[in-house]
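What follows is the content of model24.json, which has JSON, C-alpha atoms and all ligand atoms:
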[["chain", "number", "residue", "atom", "x", "y", "z"],
["A", 1, "MET", "CA", 7.22, 36.40, -25.87],
["A", 2, "GLN", "CA", 5.80, 39.89, -25.34],
["A", 3, "GLN", "CA", 5.51, 41.28, -21.81],
["A", 4, "ALA", "CA", 1.68, 41.24, -21.83],
["A", 5, "GLN", "CA", 1.61, 37.66, -23.10],
["A", 6, "TRP", "CA", 4.16, 36.63, -20.50],
["A", 7, "GLN", "CA", 2.09, 38.22, -17.72],
["A", 8, "ALA", "CA", -1.02, 36.39, -18.90],
["A", 9, "PHE", "CA", 1.02, 33.18, -19.16],
["A", 10, "ILE", "CA", 2.49, 33.23, -15.66],
["A", 11, "THR", "CA", -0.80, 34.09, -13.96],
["A", 12, "GLN", "CA", -1.93, 30.62, -15.07],
["A", 13, "PHE", "CA", 0.84, 28.96, -13.04],
["A", 14, "ALA", "CA", -1.29, 29.11, -9.91],
["A", 15, "ALA", "CA", -3.84, 26.81, -11.55],
["A", 16, "LEU", "CA", -1.32, 24.04, -12.29],
["A", 17, "SER", "CA", -1.75, 20.71, -10.53],
["A", 18, "ARG", "CA", 1.20, 19.24, -8.66],
["A", 19, "ARG", "CA", 1.90, 16.85, -11.50],
["A", 20, "GLN", "CA", 1.74, 19.64, -14.10],
["A", 21, "ARG", "CA", 4.26, 21.61, -12.05],
["A", 22, "VAL", "CA", 6.61, 18.65, -11.94],
["A", 23, "ASP", "CA", 6.23, 18.15, -15.71],
["A", 24, "SER", "CA", 6.88, 21.86, -16.33],
["A", 25, "MET", "CA", 10.04, 21.68, -14.22],
["A", 26, "ALA", "CA", 11.18, 18.67, -16.22],
["A", 27, "LEU", "CA", 10.60, 20.59, -19.48],
["A", 28, "LEU", "CA", 12.56, 23.58, -18.19],
["A", 29, "ASN", "CA", 15.37, 21.23, -17.22],
["A", 30, "GLY", "CA", 15.44, 19.84, -20.75],
["A", 31, "THR", "CA", 13.81, 16.44, -20.20],
["A", 32, "GLN", "CA", 10.52, 15.34, -21.67],
["A", 33, "PRO", "CA", 7.84, 14.68, -19.02],
["A", 34, "LYS", "CA", 7.09, 11.50, -20.93],
["A", 35, "GLN", "CA", 10.53, 10.23, -20.01],
["A", 36, "ALA", "CA", 10.34, 11.18, -16.34],
["A", 37, "ALA", "CA", 9.17, 7.73, -15.21],
["A", 38, "SER", "CA", 11.71, 5.92, -17.38],
["A", 39, "ALA", "CA", 14.52, 8.15, -16.11],
["A", 40, "LEU", "CA", 13.46, 7.50, -12.51],
["A", 41, "ILE", "CA", 13.30, 3.74, -13.12],
["A", 42, "GLU", "CA", 16.80, 3.73, -14.62],
["A", 43, "ARG", "CA", 18.19, 5.82, -11.75],
["A", 44, "THR", "CA", 16.54, 3.65, -9.08],
["A", 45, "ALA", "CA", 17.83, 0.41, -10.58],
["A", 46, "GLN", "CA", 21.36, 1.67, -11.27],
["A", 47, "SER", "CA", 22.95, 0.83, -7.91],
["A", 48, "ARG", "CA", 21.74, -2.76, -7.77],
["A", 49, "LEU", "CA", 21.79, -3.65, -11.43],
["A", 50, "CYS", "CA", 22.74, -7.29, -11.95],
["A", 51, "CYS", "CA", 21.66, -10.26, -14.03],
["A", 52, "PRO", "CA", 18.27, -11.54, -12.76],
["A", 53, "ALA", "CA", 19.22, -15.10, -13.76],
["A", 54, "CYS", "CA", 22.73, -15.55, -12.32],
["A", 55, "ARG", "CA", 23.13, -12.36, -10.22],
["A", 56, "SER", "CA", 26.37, -11.51, -12.07],
["A", 57, "ARG", "CA", 27.21, -7.81, -12.19],
["A", 58, "HIS", "CA", 29.32, -8.31, -15.30],
["A", 59, "ILE", "CA", 26.87, -6.88, -17.83],
["A", 60, "HIS", "CA", 26.93, -4.87, -21.04],
["A", 61, "ARG", "CA", 24.49, -2.38, -22.52],
["A", 62, "HIS", "CA", 22.41, -4.10, -25.19],
["A", 63, "GLY", "CA", 20.34, -1.50, -27.04],
["A", 64, "HIS", "CA", 17.03, 0.12, -26.06],
["A", 65, "ALA", "CA", 13.50, -1.22, -25.98],
["A", 66, "ASN", "CA", 10.26, 0.24, -24.57],
["A", 67, "ASP", "CA", 11.97, 3.44, -23.39],
["A", 68, "LEU", "CA", 14.44, 1.50, -21.27],
["A", 69, "GLN", "CA", 18.07, 0.51, -21.60],
["A", 70, "ARG", "CA", 18.51, -3.22, -22.17],
["A", 71, "TYR", "CA", 21.43, -5.11, -20.71],
["A", 72, "ARG", "CA", 23.05, -8.42, -21.53],
["A", 73, "CYS", "CA", 24.77, -10.65, -19.00],
["A", 74, "VAL", "CA", 28.29, -11.58, -20.09],
["A", 75, "GLN", "CA", 28.24, -14.75, -18.02],
["A", 76, "CYS", "CA", 24.93, -16.35, -19.07],
["A", 77, "GLY", "CA", 23.85, -14.25, -22.06],
["A", 78, "LYS", "CA", 20.46, -13.35, -20.64],
["A", 79, "THR", "CA", 19.05, -9.92, -21.57],
["A", 80, "PHE", "CA", 17.04, -7.77, -19.18],
["A", 81, "ASN", "CA", 16.14, -4.20, -18.22],
["A", 82, "ALA", "CA", 15.68, -2.20, -15.03],
["A", 83, "LEU", "CA", 12.16, -3.58, -14.53],
["A", 84, "THR", "CA", 12.93, -7.27, -14.97],
["A", 85, "GLY", "CA", 11.92, -9.12, -11.81],
["A", 86, "THR", "CA", 9.91, -6.18, -10.40],
["A", 87, "PRO", "CA", 6.09, -6.01, -10.14],
["A", 88, "LEU", "CA", 6.08, -3.47, -12.97],
["A", 89, "ALA", "CA", 7.78, -5.71, -15.55],
["A", 90, "HIS", "CA", 5.88, -5.98, -18.85],
["A", 91, "LEU", "CA", 3.39, -3.22, -18.04],
["A", 92, "ARG", "CA", 2.87, -0.62, -20.77],
["A", 93, "HIS", "CA", 2.39, 3.18, -20.87],
["A", 94, "LYS", "CA", 5.28, 4.12, -18.55],
["A", 95, "ALA", "CA", 4.64, 7.79, -19.29],
["A", 96, "LEU", "CA", 1.49, 7.51, -17.17],
["A", 97, "TRP", "CA", 2.97, 5.72, -14.17],
["A", 98, "LEU", "CA", 3.78, 8.80, -12.10],
["A", 99, "ASP", "CA", 0.28, 10.14, -12.71],
["A", 100, "TYR", "CA", -1.06, 6.77, -11.65],
["A", 101, "ALA", "CA", 1.02, 6.86, -8.47],
["A", 102, "ASP", "CA", -0.58, 10.25, -7.76],
["A", 103, "CYS", "CA", -4.01, 8.62, -8.15],
["A", 104, "LEU", "CA", -3.03, 6.03, -5.51],
["A", 105, "LEU", "CA", -1.82, 8.72, -3.12],
["A", 106, "ASN", "CA", -5.15, 10.49, -3.66],
["A", 107, "SER", "CA", -7.06, 7.23, -2.95],
["A", 108, "ASN", "CA", -8.83, 7.42, -6.31],
["A", 109, "SER", "CA", -11.11, 4.52, -7.16],
["A", 110, "VAL", "CA", -10.15, 2.24, -10.06],
["A", 111, "ARG", "CA", -12.80, 3.91, -12.21],
["A", 112, "LYS", "CA", -11.77, 7.46, -11.37],
["A", 113, "ALA", "CA", -8.09, 6.77, -12.04],
["A", 114, "ALA", "CA", -9.03, 5.14, -15.36],
["A", 115, "GLN", "CA", -11.05, 8.18, -16.40],
["A", 116, "GLN", "CA", -8.37, 10.60, -15.32],
["A", 117, "LEU", "CA", -5.60, 8.86, -17.28],
["A", 118, "ASP", "CA", -7.77, 7.63, -20.12],
["A", 119, "ILE", "CA", -6.83, 4.00, -19.58],
["A", 120, "HIS", "CA", -9.04, 0.91, -19.42],
["A", 121, "ARG", "CA", -10.55, 0.02, -16.04],
["A", 122, "ASN", "CA", -8.86, -3.38, -16.11],
["A", 123, "THR", "CA", -5.51, -1.68, -16.64],
["A", 124, "SER", "CA", -6.22, 0.67, -13.74],
["A", 125, "PHE", "CA", -7.07, -2.31, -11.53],
["A", 126, "ARG", "CA", -3.98, -4.31, -12.57],
["A", 127, "TRP", "CA", -1.70, -1.33, -11.98],
["A", 128, "ARG", "CA", -3.15, -0.71, -8.54],
["A", 129, "HIS", "CA", -2.16, -4.13, -7.27],
["A", 130, "ARG", "CA", 1.20, -4.18, -9.06],
["A", 131, "PHE", "CA", 2.06, -0.78, -7.57],
["A", 132, "LEU", "CA", 1.10, -1.97, -4.10],
["A", 133, "ALA", "CA", 2.80, -5.35, -4.32],
["A", 134, "LEU", "CA", 6.09, -4.17, -2.81],
["A", 135, "ALA", "CA", 5.00, -0.84, -1.36],
["A", 136, "LYS", "CA", 2.77, -2.71, 1.09],
["A", 137, "ALA", "CA", 5.88, -4.41, 2.52],
["A", 138, "ASP", "CA", 6.89, -1.07, 4.03],
["A", 139, "ARG", "CA", 5.77, -1.91, 7.57],
["A", 140, "PRO", "CA", 7.27, -1.27, 10.99],
["A", 141, "HIS", "CA", 9.51, -4.12, 12.13],
["A", 142, "CYS", "CA", 8.75, -3.90, 15.82],
["A", 143, "LEU", "CA", 6.28, -2.27, 18.21],
["A", 144, "HIS", "CA", 7.52, -1.01, 21.58],
["A", 145, "GLY", "CA", 6.18, 0.19, 24.93],
["A", 146, "ILE", "CA", 2.45, 0.48, 25.45],
["A", 147, "THR", "CA", 0.86, -1.33, 22.53],
["A", 148, "GLU", "CA", -2.86, -1.27, 21.87],
["A", 149, "ALA", "CA", -4.41, -4.14, 19.95],
["A", 150, "ASP", "CA", -7.95, -4.63, 18.78],
["A", 151, "GLU", "CA", -9.68, -6.60, 16.08],
["A", 152, "MET", "CA", -12.31, -5.52, 13.57],
["A", 153, "TYR", "CA", -14.38, -7.56, 11.19],
["A", 154, "LEU", "CA", -15.35, -7.05, 7.56],
["A", 155, "LEU", "CA", -17.86, -9.07, 5.62],
["A", 156, "GLU", "CA", -15.95, -11.62, 3.55],
["A", 157, "SER", "CA", -16.01, -10.61, -0.11],
["A", 158, "GLU", "CA", -15.32, -12.56, -3.26],
["A", 159, "LYS", "CA", -15.72, -9.43, -5.37],
["A", 160, "GLY", "CA", -14.45, -10.02, -8.87],
["A", 161, "ALA", "CA", -14.15, -13.80, -8.43],
["A", 162, "ARG", "CA", -15.43, -15.92, -11.34],
["A", 163, "HIS", "CA", -16.70, -18.83, -9.29],
["A", 164, "LEU", "CA", -18.42, -17.83, -6.09],
["A", 165, "GLN", "CA", -18.32, -20.31, -3.23],
["A", 166, "ARG", "CA", -21.73, -19.06, -2.01],
["A", 167, "PRO", "CA", -24.74, -17.17, -3.40],
["A", 168, "ALA", "CA", -23.81, -13.64, -4.46],
["A", 169, "ARG", "CA", -24.40, -10.92, -1.90],
["A", 170, "ARG", "CA", -25.73, -7.60, -3.07],
["A", 171, "ARG", "CA", -23.89, -4.44, -2.13],
["A", 172, "GLY", "CA", -24.80, -3.42, 1.40],
["A", 173, "ASP", "CA", -26.13, -6.88, 2.27],
["A", 174, "HIS", "CA", -25.59, -8.14, 5.75],
["A", 175, "ALA", "CA", -24.24, -11.44, 7.00],
["A", 176, "LEU", "CA", -26.76, -14.27, 7.15],
["A", 177, "GLN", "CA", -25.64, -15.41, 10.59],
["A", 178, "ARG", "CA", -25.66, -13.35, 13.75],
["A", 179, "GLY", "CA", -22.43, -12.45, 15.48],
["A", 180, "ILE", "CA", -18.98, -13.28, 14.22],
["A", 181, "SER", "CA", -18.96, -16.23, 11.83],
["A", 182, "SER", "CA", -16.90, -17.53, 8.94],
["A", 183, "GLU", "CA", -18.72, -14.95, 6.80],
["A", 184, "GLN", "CA", -16.51, -12.34, 8.40],
["A", 185, "VAL", "CA", -12.83, -11.65, 7.97],
["A", 186, "CYS", "CA", -10.88, -10.55, 11.00],
["A", 187, "ILE", "CA", -8.37, -7.71, 10.81],
["A", 188, "LEU", "CA", -6.01, -7.28, 13.73],
["A", 189, "VAL", "CA", -4.62, -3.79, 14.32],
["A", 190, "ALA", "CA", -1.83, -3.16, 16.82],
["A", 191, "ARG", "CA", -0.43, 0.30, 17.41],
["A", 192, "ASP", "CA", 2.18, 1.55, 19.83],
["A", 193, "ARG", "CA", 2.29, 5.05, 21.27],
["A", 194, "THR", "CA", 4.82, 6.28, 18.70],
["A", 195, "GLY", "CA", 2.18, 5.53, 16.06],
["A", 196, "GLN", "CA", 3.88, 2.47, 14.57],
["A", 197, "THR", "CA", 1.01, 0.30, 13.38],
["A", 198, "ILE", "CA", 0.56, -3.22, 12.12],
["A", 199, "ALA", "CA", -2.68, -4.26, 10.45],
["A", 200, "CYS", "CA", -3.06, -7.80, 9.27],
["A", 201, "VAL", "CA", -5.72, -10.20, 8.10],
["A", 202, "THR", "CA", -5.84, -13.06, 10.58],
["A", 203, "GLY", "CA", -8.43, -15.06, 8.64],
["A", 204, "LYS", "CA", -12.13, -15.87, 8.70],
["A", 205, "GLY", "CA", -14.12, -15.89, 11.92],
["A", 206, "GLN", "CA", -13.31, -15.07, 15.54],
["A", 207, "LEU", "CA", -9.85, -13.99, 16.55],
["A", 208, "ASN", "CA", -8.02, -16.68, 18.53],
["A", 209, "LYS", "CA", -4.73, -17.23, 20.34],
["A", 210, "LYS", "CA", -3.18, -19.01, 17.36],
["A", 211, "HIS", "CA", -3.78, -15.96, 15.15],
["A", 212, "LEU", "CA", -2.07, -13.74, 17.70],
["A", 213, "LEU", "CA", 0.92, -16.05, 18.03],
["A", 214, "HIS", "CA", 1.26, -15.97, 14.26],
["A", 215, "CYS", "CA", 0.54, -12.28, 13.53],
["A", 216, "LEU", "CA", 1.33, -10.32, 16.67],
["A", 217, "LEU", "CA", 4.18, -12.15, 18.40],
["A", 218, "PRO", "CA", 6.81, -11.71, 15.63],
["A", 219, "ILE", "CA", 6.36, -7.94, 15.53],
["A", 220, "VAL", "CA", 6.27, -6.92, 19.20],
["A", 221, "ASP", "CA", 8.96, -6.40, 21.78],
["A", 222, "ARG", "CA", 8.64, -8.99, 24.60],
["A", 223, "ASP", "CA", 8.46, -6.26, 27.23],
["A", 224, "ILE", "CA", 5.53, -4.31, 25.78],
["A", 225, "LEU", "CA", 2.43, -3.61, 27.82],
["A", 226, "LEU", "CA", -0.35, -5.00, 25.68],
["A", 227, "VAL", "CA", -3.62, -3.13, 26.15],
["A", 228, "THR", "CA", -6.79, -4.68, 24.73],
["A", 229, "ASP", "CA", -10.54, -4.83, 25.28],
["A", 230, "GLY", "CA", -10.05, -8.08, 27.14],
["A", 231, "HIS", "CA", -11.09, -10.52, 24.38],
["A", 232, "ALA", "CA", -10.26, -14.04, 25.61],
["A", 233, "ALA", "CA", -7.75, -14.53, 22.77],
["A", 234, "TYR", "CA", -5.50, -11.74, 24.11],
["A", 235, "THR", "CA", -5.64, -13.09, 27.66],
["A", 236, "ALA", "CA", -4.64, -16.56, 26.46],
["A", 237, "PHE", "CA", -1.93, -15.09, 24.23],
["A", 238, "ALA", "CA", -0.47, -13.00, 27.07],
["A", 239, "LYS", "CA", -0.51, -15.98, 29.42],
["A", 240, "GLU", "CA", 1.32, -18.21, 26.96],
["A", 241, "THR", "CA", 3.96, -15.65, 25.94],
["A", 242, "GLY", "CA", 4.47, -13.98, 29.32],
["A", 243, "ILE", "CA", 3.71, -10.58, 27.79],
["A", 244, "SER", "CA", 2.18, -8.05, 30.23],
["A", 245, "HIS", "CA", -1.45, -7.48, 29.43],
["A", 246, "GLN", "CA", -4.01, -5.01, 30.64],
["A", 247, "ALA", "CA", -7.63, -5.39, 29.66],
["A", 248, "VAL", "CA", -9.84, -2.33, 29.45],
["A", 249, "ASN", "CA", -13.43, -3.21, 30.09],
["A", 250, "LEU", "CA", -15.28, -1.15, 27.52],
["A", 251, "ARG", "CA", -18.68, -2.56, 28.37],
["A", 252, "ALA", "CA", -18.41, -1.37, 31.96],
["A", 253, "GLY", "CA", -18.06, 2.14, 30.62],
["A", 254, "ILE", "CA", -14.45, 2.52, 31.74],
["A", 255, "ARG", "CA", -13.11, 3.93, 28.52],
["A", 256, "VAL", "CA", -9.94, 5.57, 29.72],
["A", 257, "ARG", "CA", -7.97, 4.32, 32.71],
["A", 258, "GLY", "CA", -4.79, 6.37, 32.71],
["A", 259, "ALA", "CA", -2.50, 5.32, 29.91],
["A", 260, "ALA", "CA", -4.37, 2.08, 29.42],
["A", 261, "HIS", "CA", -6.88, 2.59, 26.66],
["A", 262, "VAL", "CA", -7.44, 1.41, 23.11],
["A", 263, "GLN", "CA", -8.49, 4.75, 21.67],
["A", 264, "ASN", "CA", -5.62, 5.07, 19.22],
["A", 265, "VAL", "CA", -6.24, 1.68, 17.70],
["A", 266, "ASN", "CA", -9.98, 2.29, 17.57],
["A", 267, "ALA", "CA", -9.38, 5.60, 15.81],
["A", 268, "TYR", "CA", -7.23, 3.71, 13.30],
["A", 269, "HIS", "CA", -10.15, 1.28, 12.77],
["A", 270, "ARG", "CA", -12.48, 4.19, 12.10],
["A", 271, "ARG", "CA", -10.13, 5.79, 9.58],
["A", 272, "LEU", "CA", -9.60, 2.43, 7.89],
["A", 273, "ARG", "CA", -13.33, 1.71, 7.64],
["A", 274, "GLY", "CA", -14.10, 5.19, 6.35],
["A", 275, "TRP", "CA", -11.35, 4.96, 3.76],
["A", 276, "LEU", "CA", -12.37, 1.45, 2.62],
["A", 277, "SER", "CA", -15.89, 2.73, 1.96],
["A", 278, "ILE", "CA", -14.47, 4.74, -0.99],
["A", 279, "PHE", "CA", -13.94, 1.44, -2.79],
["A", 280, "HIS", "CA", -17.44, 0.02, -2.16],
["A", 281, "GLY", "CA", -16.21, -3.26, -0.73],
["A", 282, "VAL", "CA", -12.86, -4.85, -1.46],
["A", 283, "ALA", "CA", -12.18, -8.47, -2.32],
["A", 284, "THR", "CA", -10.84, -10.34, 0.70],
["A", 285, "ARG", "CA", -7.89, -11.69, -1.24],
["A", 286, "TYR", "CA", -6.70, -8.13, -1.94],
["A", 287, "LEU", "CA", -7.24, -6.94, 1.63],
["A", 288, "PRO", "CA", -3.52, -7.14, 2.60],
["A", 289, "ASN", "CA", -2.73, -4.72, -0.26],
["A", 290, "TYR", "CA", -5.32, -2.26, 1.02],
["A", 291, "LEU", "CA", -4.02, -2.52, 4.58],
["A", 292, "GLY", "CA", -0.52, -1.71, 3.35],
["A", 293, "TRP", "CA", -1.82, 1.15, 1.23],
["A", 294, "ARG", "CA", -3.76, 2.55, 4.20],
["A", 295, "TRP", "CA", -0.61, 2.45, 6.36],
["A", 296, "ILE", "CA", 1.38, 4.33, 3.71],
["A", 297, "LEU", "CA", -1.28, 7.06, 3.66],
["A", 298, "ASP", "CA", -2.07, 7.10, 7.37],
["A", 299, "ALA", "CA", 1.53, 7.32, 8.52],
["A", 300, "ARG", "CA", 2.39, 9.65, 5.63],
["A", 301, "ARG", "CA", 5.18, 7.24, 4.77],
["A", 302, "ILE", "CA", 5.12, 8.10, 1.09],
["A", 303, "LEU", "CA", 4.15, 11.58, -0.02],
["A", 304, "SER", "CA", 5.16, 11.81, -3.65],
["A", 305, "ALA", "CA", 4.53, 9.81, -6.80],
["A", 306, "GLU", "CA", 8.27, 9.51, -7.30],
["A", 307, "THR", "CA", 8.77, 7.90, -3.87],
["A", 308, "LEU", "CA", 5.87, 5.53, -4.47],
["A", 309, "LEU", "CA", 7.28, 4.46, -7.83],
["A", 310, "LYS", "CA", 10.65, 3.82, -6.19],
["A", 311, "ALA", "CA", 8.99, 1.77, -3.42],
["A", 312, "THR", "CA", 7.22, -0.25, -6.10],
["A", 313, "LEU", "CA", 10.67, -1.10, -7.43],
["A", 314, "GLY", "CA", 11.86, -2.13, -3.96],
["A", 315, "GLU", "CA", 13.60, 1.08, -2.85],
["A", 316, "PHE", "CA", 12.02, 2.40, 0.34],
["A", 317, "PRO", "CA", 12.67, 5.86, 1.74],
["A", 318, "HIS", "CA", 13.92, 4.65, 5.13],
["A", 319, "LEU", "CA", 16.54, 2.45, 3.51],
["A", 320, "THR", "CA", 18.14, 5.35, 1.69],
["A", 321, "VAL", "CA", 21.27, 6.54, 3.42],
["A", 322, "THR", "CA", 21.57, 10.30, 3.10],
["B", 401, "ZN", "ZN", 23.54, -13.91, -16.03]]
Please, can you express the file's structure as structure tokens?
Amino acid sequence: MQQAQWQAFITQFAALSRRQRVDSMALLNGTQPKQAASALIERTAQSRLCCPACRSRHIHRHGHANDLQRYRCVQCGKTFNALTGTPLAHLRHKALWLDYADCLLNSNSVRKAAQQLDIHRNTSFRWRHRFLALAKADRPHCLHGITEADEMYLLESEKGARHLQRPARRRGDHALQRGISSEQVCILVARDRTGQTIACVTGKGQLNKKHLLHCLLPIVDRDILLVTDGHAAYTAFAKETGISHQAVNLRAGIRVRGAAHVQNVNAYHRRLRGWLSIFHGVATRYLPNYLGWRWILDARRILSAETLLKATLGEFPHLTVT
């Protein structure tokens, strides 16, 4: 290439997207970008490769199919590949998976991701939930110290369901009943002062003690100081479990009383609500996936498409010993 051409060529580097940079690096290293996802899948699976049927590690290579190495179990004869038993098994177009993971990290809507990758909207939707199936399991195991908890409510949504249990609601419609009713789904958010956060769907209607025993108790240290807005459910929960509890009376205008406030958890609610609005209402049955996705983004748990693809295959960053 002539010097002038080369100069013109490299000035375009600045305009490359992150993905295009990664693909260019792959090309310079002698691998086809198309194979990047397959290579990553093979590498990720390598250490724990065993027969999905009998768990035997006595396996042989058994040809290639769909850009992946196939294996055959010596013990039971079953054949499999690196994706067998993962949420991504049997999905097509592997060459686009890293780009799709980028779309998830950018919070692209189903439609936008479909346009960007030139795939069908249904494919984009299916991939979203397959990609999040395991990634959403990347949650903190335990909250410590001062822990704020507060609940928020979303209108129950059967978006996408074939048989509605009630008359269809138009976008932006409000609940028919006043106050909190079974038309609303409760999301409990608990966050400690190191930023570890748990968000879970407790169910339809008002939060109660039973929900807290089920959702909150297993993930908190017994000696936390639970700070809440004083909802009766928290008081009853604290009394039954012996967990220290401080209620902040928001209505009385006492927003901050020293360290006891629920501002961090309320800020999390605001970010969650704002982010959910990108998707114009999400179906209640998929809500846990969105809560996991939000946590990944909010805590900056996963920053690259490669890490997200690995998490989708069950390999989380914090489990990797370096
Ligand atoms: Zn086997």
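Residues with at least one atom no more than 12 Å from (-13.4, -16.1, 10.8), using all atoms listed in the file, are Glu151, Met152, Tyr153, Leu154, Leu155, Glu156, Gly179, Ile180, Ser181, Ser182, Glu183, Gln184, Val185, Cys186, Ile187, Leu188, Val201, Thr202, Gly203, Lys204, Gly205, Gln206, Leu207, Asn208, His211 and Thr284 of chain A.
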Which residue, A:Ala95, A:Asp23, A:Asn122, A:Val189, has the smallest gap to A:Arg270 when you use all atoms listed in the file?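 Looking only at the distances to A:Arg270, the closest residue turns out to be A:Val189.
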Between atom CA of A:Glu315 and atom CA of A:Ile59, what is the spacing in Å?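 Here the two named atoms are 21.5 Å from each other.
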Give me the chain A side of the contact with ligand ZN 401 (chain B), cut-off 12 Å, one line per residue showing its nearest atom pair and distance in Å at one decimal, counting all atoms listed in the file, sorted by chain and residue number, as a Markdown table.
| residue | atom | partner | partner_atom | distance |
| --- | --- | --- | --- | --- |
| A:Leu49 | CA | B:ZN401 | ZN | 11.4 |
| A:Cys50 | CA | B:ZN401 | ZN | 7.8 |
| A:Cys51 | CA | B:ZN401 | ZN | 4.6 |
| A:Pro52 | CA | B:ZN401 | ZN | 6.6 |
| A:Ala53 | CA | B:ZN401 | ZN | 5.0 |
| A:Cys54 | CA | B:ZN401 | ZN | 4.1 |
| A:Arg55 | CA | B:ZN401 | ZN | 6.0 |
| A:Ser56 | CA | B:ZN401 | ZN | 5.4 |
| A:Arg57 | CA | B:ZN401 | ZN | 8.1 |
| A:His58 | CA | B:ZN401 | ZN | 8.1 |
| A:Ile59 | CA | B:ZN401 | ZN | 8.0 |
| A:His60 | CA | B:ZN401 | ZN | 10.9 |
| A:Tyr71 | CA | B:ZN401 | ZN | 10.2 |
| A:Arg72 | CA | B:ZN401 | ZN | 7.8 |
| A:Cys73 | CA | B:ZN401 | ZN | 4.6 |
| A:Val74 | CA | B:ZN401 | ZN | 6.7 |
| A:Gln75 | CA | B:ZN401 | ZN | 5.2 |
| A:Cys76 | CA | B:ZN401 | ZN | 4.1 |
| A:Gly77 | CA | B:ZN401 | ZN | 6.0 |
| A:Lys78 | CA | B:ZN401 | ZN | 5.6 |
| A:Thr79 | CA | B:ZN401 | ZN | 8.2 |
| A:Phe80 | CA | B:ZN401 | ZN | 9.5 |
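With atom CA of A:Asn289 on one side and atom CA of A:Gln20 on the other, the separation reads 28.4 Å.
Taking all atoms listed in the file into account, A:Trp275 lies nearest to A:Ser109 out of the set A:Phe237, A:Lys136, A:Asp229, A:Ser109.
Among the candidate residues A:Lys94, A:Arg21, A:Arg301, A:Lys159, the one lying nearest to A:Ala37 is A:Lys94, with distances computed using all atoms listed in the file.
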So, counting all atoms listed in the file, which residue among A:Asn81, A:Asp99, A:Phe131, A:Ala236 is closest to A:Gly63?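 Result for the nearest residue to A:Gly63: A:Asn81.
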